[in-house]
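What follows is a set of notes on a single structure, which appears directly below.
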Amino acid sequence: MKFSEIWLRSFVNPAYSGDQLAHALTMAGIEVESIEPVASAFDNVVVAEVVSVERHPTADKLSVCNVKTGKSDNDLLQIVCGAPNVSVGARVPCALIGANLPNLMIRKTKLRGIDSSGMLCSAKELGISEVADGLLLLPNDAPVGMDFRSYYQLEDRIFTLSLTPNRADCLGVQGVAREVSAITDTDILLPFAIENVSDEINDTLNVHVTAPDACPLYCGRLLRNINLNVTTPLWLTQRLERSGIRSINPVVDITNYVMLEIGQPMHAFDLAKITGGSIQVRYAFSHEKIQLLNGDQVDLTPEMLLITDEHKPLALAGIMGGSESGVTYSTTDIFLESAFFSPAVISGKSFHLGFSSDSAYRFERGVDFAATRSALERASYLIHSICGGQAGAVIEIKHELPQRSSVDVRMERIKRILGIDLNKEQISNYFRRLGFKFSEKDKCFSVMPPTYRFDLMIEEDFIEELARIYGYDHIPTHYPHASMAMLPEPETQHTTIEIKQTLINLDYQEVINYSFVDADWEADFVDNHKPIMLLNPISNQMNVMRSTLIGGLIANLQFNLNRKQVRVRLFEVGCCFLREDERDCKQIEKISGLSYGDFSSEQWGIAARNVDFYDIKADVEVLCRGKSVEFKRFSHPALHPGKSAEICFEDRIIGWIGELHPRWQTKYGLQKNTILFELNLHSLKPKLLPLIKEISKFPPVRRDIAIIVDNEISAYSLLSCMRTVKSAIISDISLFDIYRGNGMESNKKSLAFRVLLQDTEKTLTDEQAESAVTSLITILKNQFGAELRN
């Protein structure tokens, strides 16, 4: 919303400077985006009259003019001018000798041998407009000799508001003036009175509203014998131009002016182009088309509201008129329309059509239906005053308009929300300044919202209005006071931050991805062909909820490889979503990691090699923080069938680890092996408390057990069995060698275990040590068919 400061001050003129007024509006929620002067700085320019024009003797495109500047009756200035529209009697701005124009200083000079004592100016040369095709022609009654800046009101400034969608009432200068009046406690003075134009003709059009829900109020009237070959008054065109609207013809200018002044969009139809003698307000038929004033040809759909005659659409209601029924300079009779259209019917149509309009911008936010007829009378008066003609009676078709209900505003609630104690007199004064009708009883105000404030519906809305007028910057700041207590930190749980820090210490970097992923990722990495679909995805590539984190990690890896990173180690903690049945799903928090490229950063102390399965297995063991986890061979859709394992703890599967399947390596353009792991986060959180035991003073005894077993028997199962049945004097059992090859059957393998024995009370004898080791060997033979290796 743009408007002239002088125009605003014609309604309300507080004792504020322009900058102070802008600050007051902004602090009250009506943001002033910018304040700009209407013209560049210049001086010594006056209104002048061209007395004579002669052709320059040596230049066809130049004219020698005698110009009256009002300095004296007989003193005429000779000025050489190249403008094509210079003529005798024209009144134009004239820069005198010594004038400082934007980027130019006027001096006495000679042009092709002829003296020139000044310059006749265009709007571009004065910095008023960016383009000009000749001199700036002024009205014939412009006072000769008057300072041009004063005459043209160039000390004016343009305010640009950045309004929130709920403040449609400020899309007219009158609405902004109401706000200024309330904020500054200054009386508002209407510079005009809404004068009803008397009915001079009996002609009317029949109006049929077949969509009363979309158009609850429709007003119109005929105006005949108007003259559009008159000049739109300077004050009106100036206000339009300073609001960003160009002058078209007097009738269109007046409808635009009333829209800017009151906030009510209007439209004028050429009566000669309306056939059938009636106007209809209806929804479009699917086969209809209309060419709008902006030149667009629109294929109409049934949800679009139209203004039509008996044969064709005339306008897209609330958005833009049709070119076939537009007012031109040859128009003599018009039908003037002012209506209230439901915001829900207009909203979104501009976006669908690919353009917006001042009318649609206002209607989709809501206009004041109580001002619909007043705006028609205002426009009728201006047309009658400027263009002449005779007016017919006003046609008004009214249906059920939006109902406004009074709202109770409690003083106790005001204090609770705002934190300030406003007394009855202050509240009454603020409501009165805002123009609200209200009554007061038992510390409660019953307030009726005005018709132009669609945003006031509940008690908190009115409390916000009180805060705006009181001044947000006047509400005192109260710092919160609260007692602080140290929260207990569970001794038996690791926090998520601790778990993340473990991976960070292992040289991983955290990433955060969307929970919405590509359905192809779910099919590739977890063989999930029925993922949880999103009804309204933000993009086609983010249309399902993820059930694993690895798709995002692979995408992050690709992003890094495309930027020439050769070593990537990433992890993510996030929620995954699994379907339990057709209607319900569950959310599980997981932690997943990825390693690609070299085992370590390039350095002289470690030989370069690619990261492998066992490197990441070691990282997972660190992440499990001493838990006795088991790695079992298994098959996973995303992993290499011979280089993958499920991770188990206490007979529960808590995750998996493995190398990315070669198929996906190729599909996603990964040149080196990619190692991945994923675990349920809650399985990592239980903390193993330390157990205190006595340290033995006696030397340990070591015995080695070398056995031969089938290839299918895992070392972990052997270790687990021995640790379960071991004697109390055995302190540790560990695997230190695996052998397959020469001298060994193809389906067999040799495992060597180290057994440490130690007693806290005495030195062990050979007999005690041999007895404990023999019991382990017996268990291995009986349960696993193991043979001692020679």
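For the structure tokens, the naming scheme is as follows: chains receive sequential letters (A, B, ...) according to their order of presentation, residues are indexed from 1 within each chain, and ligands are indexed from 1 in presentation order.
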
Hey, what's within 10 Å of Gly593 (chain A) if we count only C-alpha atoms and toss same-chain stuff fewer than 5 positions away? As a VMD selection string, please? chain A and resid 503 508 to 511 549 to 550 553 569 to 573 616 619 to 620 657 675 to 679

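Within region 419-506 of chain A, DSSP run on the backbone puts these residues in strand (DSSP E or B): Lys437, Phe438, Ser439, Glu440, Lys441, Cys444, Phe445, Ser446, Val447, Met448 and Gln493 of chain A.
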
Non-local contacts of Ser4 (chain A) (7 Å; only C-alpha atoms; under 2 positions in same chain excluded) as a list in words: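 After dropping sequence-adjacent residues, the list is Ile6, Trp7, Leu8, Asp156, Arg157, Ile158, Phe159, Arg239, Arg242 and Ser243 of chain A.
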
Selection file, all heavy atoms, as a compact mmCIF listing (two decimals), in the first residue's frame:
```txt
# COMPACT_ATOMS: atom_id res chain seq x y z
N ILE A 6 0.84 13.95 2.13
CA ILE A 6 -0.09 15.08 2.12
C ILE A 6 -1.53 14.59 2.07
O ILE A 6 -2.42 15.14 2.73
CB ILE A 6 0.23 16.02 0.94
CG1 ILE A 6 1.57 16.73 1.18
CG2 ILE A 6 -0.89 17.04 0.73
CD1 ILE A 6 2.00 17.63 0.05
N TRP A 7 -1.77 13.54 1.30
CA TRP A 7 -3.12 12.96 1.23
C TRP A 7 -3.54 12.45 2.60
O TRP A 7 -4.66 12.69 3.05
CB TRP A 7 -3.11 11.84 0.20
CG TRP A 7 -4.47 11.32 -0.18
CD1 TRP A 7 -5.68 11.81 0.23
CD2 TRP A 7 -4.77 10.24 -1.07
NE1 TRP A 7 -6.71 11.09 -0.32
CE2 TRP A 7 -6.18 10.11 -1.14
CE3 TRP A 7 -3.99 9.36 -1.81
CZ2 TRP A 7 -6.81 9.14 -1.90
CZ3 TRP A 7 -4.60 8.39 -2.59
CH2 TRP A 7 -6.01 8.29 -2.63
N LEU A 8 -2.66 11.74 3.27
CA LEU A 8 -2.99 11.23 4.60
C LEU A 8 -3.26 12.38 5.57
O LEU A 8 -4.23 12.33 6.36
CB LEU A 8 -1.84 10.36 5.13
CG LEU A 8 -1.98 9.85 6.56
CD1 LEU A 8 -3.17 8.91 6.69
CD2 LEU A 8 -0.69 9.16 7.01
N ASP A 156 6.12 16.70 -0.83
CA ASP A 156 5.40 15.53 -0.37
C ASP A 156 6.34 14.32 -0.32
O ASP A 156 7.40 14.29 -0.96
CB ASP A 156 4.24 15.25 -1.34
CG ASP A 156 3.23 14.28 -0.77
OD1 ASP A 156 3.37 13.88 0.40
OD2 ASP A 156 2.29 13.92 -1.51
N ARG A 157 5.94 13.31 0.47
CA ARG A 157 6.69 12.07 0.52
C ARG A 157 5.72 10.89 0.38
O ARG A 157 4.54 11.01 0.70
CB ARG A 157 7.48 11.94 1.83
CG ARG A 157 8.54 13.02 1.97
CD ARG A 157 9.59 12.65 3.01
NE ARG A 157 9.06 12.59 4.36
CZ ARG A 157 9.79 12.23 5.42
NH1 ARG A 157 11.06 11.88 5.27
NH2 ARG A 157 9.25 12.23 6.62
N ILE A 158 6.25 9.78 -0.11
CA ILE A 158 5.43 8.58 -0.35
C ILE A 158 5.71 7.56 0.74
O ILE A 158 6.86 7.15 0.94
CB ILE A 158 5.73 7.99 -1.74
CG1 ILE A 158 5.37 9.00 -2.83
CG2 ILE A 158 4.96 6.69 -1.94
CD1 ILE A 158 5.80 8.56 -4.21
N PHE A 159 4.65 7.17 1.44
CA PHE A 159 4.74 6.13 2.44
C PHE A 159 4.41 4.79 1.77
O PHE A 159 3.42 4.68 1.03
CB PHE A 159 3.72 6.36 3.56
CG PHE A 159 4.17 7.34 4.61
CD1 PHE A 159 4.62 8.61 4.27
CD2 PHE A 159 4.14 7.00 5.95
CE1 PHE A 159 5.02 9.51 5.24
CE2 PHE A 159 4.53 7.89 6.93
CZ PHE A 159 4.98 9.15 6.57
N ARG A 239 -2.31 12.02 -6.81
CA ARG A 239 -2.51 11.03 -5.75
C ARG A 239 -2.47 9.61 -6.32
O ARG A 239 -1.96 8.69 -5.66
CB ARG A 239 -3.83 11.29 -5.04
CG ARG A 239 -3.79 12.56 -4.19
CD ARG A 239 -5.11 12.85 -3.50
NE ARG A 239 -4.98 14.02 -2.62
CZ ARG A 239 -5.96 14.51 -1.86
NH1 ARG A 239 -7.15 13.93 -1.88
NH2 ARG A 239 -5.74 15.56 -1.10
N ARG A 242 1.27 8.86 -7.19
CA ARG A 242 2.08 8.66 -5.98
C ARG A 242 1.68 7.40 -5.22
O ARG A 242 2.35 7.03 -4.26
CB ARG A 242 1.99 9.91 -5.10
CG ARG A 242 2.64 11.10 -5.79
CD ARG A 242 2.48 12.42 -5.07
NE ARG A 242 2.96 13.51 -5.92
CZ ARG A 242 3.02 14.78 -5.55
NH1 ARG A 242 2.63 15.15 -4.33
NH2 ARG A 242 3.48 15.69 -6.40
N SER A 243 0.59 6.77 -5.66
CA SER A 243 0.20 5.46 -5.12
C SER A 243 0.55 4.34 -6.08
O SER A 243 0.16 3.19 -5.86
CB SER A 243 -1.31 5.44 -4.81
OG SER A 243 -1.63 6.37 -3.80
```

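Using only C-alpha atoms, the contacts of region 136-140 of chain A at a cut-off of 9 Å, with sequence neighbours closer than 2 positions omitted, comprise Val47, Asn85, Val86, Gly89, Ala90, Arg91, Val92, Pro93, Leu120, Cys121, Ser122, Ala123, Lys124, Ala132, Asp133, Gly134, Ala142, Pro143, Thr231, Pro233 and Leu234 of chain A.
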
Would you write out those residues with N, CA and C atoms, as a compact mmCIF listing (two decimals), in the first residue's frame?
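Wrote it out as result06.txt, contents follow:
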```txt
# COMPACT_ATOMS: atom_id res chain seq x y z
N VAL A 47 6.45 28.21 -12.53
CA VAL A 47 5.41 27.97 -13.54
C VAL A 47 5.51 29.08 -14.58
N ASN A 85 6.10 18.96 -28.01
CA ASN A 85 4.75 19.39 -27.60
C ASN A 85 4.71 20.82 -27.09
N VAL A 86 5.74 21.62 -27.35
CA VAL A 86 5.70 23.02 -26.94
C VAL A 86 4.73 23.76 -27.85
N GLY A 89 0.68 29.33 -25.38
CA GLY A 89 -0.32 29.25 -24.32
C GLY A 89 -0.10 28.13 -23.33
N ALA A 90 0.84 27.25 -23.65
CA ALA A 90 1.09 26.12 -22.73
C ALA A 90 1.75 26.63 -21.46
N ARG A 91 1.32 26.08 -20.35
CA ARG A 91 1.95 26.40 -19.07
C ARG A 91 2.79 25.19 -18.65
N VAL A 92 4.07 25.49 -18.41
CA VAL A 92 5.06 24.44 -18.18
C VAL A 92 6.01 24.88 -17.09
N PRO A 93 6.73 23.94 -16.47
CA PRO A 93 7.78 24.33 -15.53
C PRO A 93 8.99 24.88 -16.28
N LEU A 120 12.86 24.91 -20.51
CA LEU A 120 11.53 24.35 -20.27
C LEU A 120 11.68 22.87 -19.98
N CYS A 121 11.03 22.38 -18.95
CA CYS A 121 11.39 21.07 -18.38
C CYS A 121 10.32 20.01 -18.60
N SER A 122 10.80 18.79 -18.72
CA SER A 122 9.94 17.60 -18.72
C SER A 122 9.92 17.02 -17.31
N ALA A 123 9.04 16.06 -17.09
CA ALA A 123 8.97 15.41 -15.78
C ALA A 123 10.24 14.63 -15.49
N LYS A 124 10.86 14.06 -16.52
CA LYS A 124 12.09 13.30 -16.31
C LYS A 124 13.23 14.21 -15.89
N ALA A 132 9.71 10.35 -20.16
CA ALA A 132 8.93 11.52 -20.59
C ALA A 132 9.04 11.64 -22.10
N ASP A 133 7.94 12.04 -22.74
CA ASP A 133 7.95 12.21 -24.20
C ASP A 133 7.75 13.66 -24.61
N GLY A 134 8.00 14.56 -23.68
CA GLY A 134 7.86 15.98 -23.98
C GLY A 134 7.80 16.78 -22.70
N ALA A 142 -2.82 27.11 -13.93
CA ALA A 142 -1.61 27.13 -13.09
C ALA A 142 -1.10 28.56 -13.00
N PRO A 143 -0.86 29.08 -11.78
CA PRO A 143 -0.45 30.48 -11.62
C PRO A 143 0.97 30.74 -12.11
N THR A 231 -9.99 16.65 -18.85
CA THR A 231 -8.73 16.32 -18.19
C THR A 231 -9.00 15.95 -16.74
N PRO A 233 -8.47 16.01 -13.00
CA PRO A 233 -7.83 17.05 -12.18
C PRO A 233 -6.44 16.65 -11.71
N LEU A 234 -5.57 17.64 -11.63
CA LEU A 234 -4.17 17.39 -11.26
C LEU A 234 -4.08 16.74 -9.88
```

Could you list, as a list in words, every residue within 7 Å of Met448 (chain A), counting only C-alpha atoms and ignoring same-chain residues fewer than 5 positions away?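 Result of the neighbour search: Ser405, Ser406, Val407, Phe436, Lys437 and Phe438 of chain A.
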
Let me see the file: selected residues, N, CA, C and O atoms, as a compact mmCIF listing (two decimals), in the first residue's frame.
```
# COMPACT_ATOMS: atom_id res chain seq x y z
N SER A 405 -20.49 -10.36 16.09
CA SER A 405 -21.01 -10.54 17.45
C SER A 405 -20.14 -9.81 18.44
O SER A 405 -18.91 -9.71 18.26
N SER A 406 -20.76 -9.30 19.49
CA SER A 406 -20.00 -8.62 20.53
C SER A 406 -19.14 -9.63 21.27
O SER A 406 -19.47 -10.82 21.39
N VAL A 407 -18.01 -9.15 21.79
CA VAL A 407 -17.04 -10.00 22.49
C VAL A 407 -16.80 -9.40 23.87
O VAL A 407 -16.62 -8.18 24.00
N PHE A 436 -14.52 1.63 18.37
CA PHE A 436 -15.32 0.47 18.74
C PHE A 436 -16.53 0.91 19.56
O PHE A 436 -16.42 1.79 20.41
N LYS A 437 -17.64 0.27 19.32
CA LYS A 437 -18.82 0.47 20.17
C LYS A 437 -18.76 -0.55 21.30
O LYS A 437 -18.52 -1.74 21.06
N PHE A 438 -18.99 -0.08 22.53
CA PHE A 438 -18.83 -0.99 23.67
C PHE A 438 -19.72 -0.55 24.82
O PHE A 438 -20.23 0.58 24.87
```
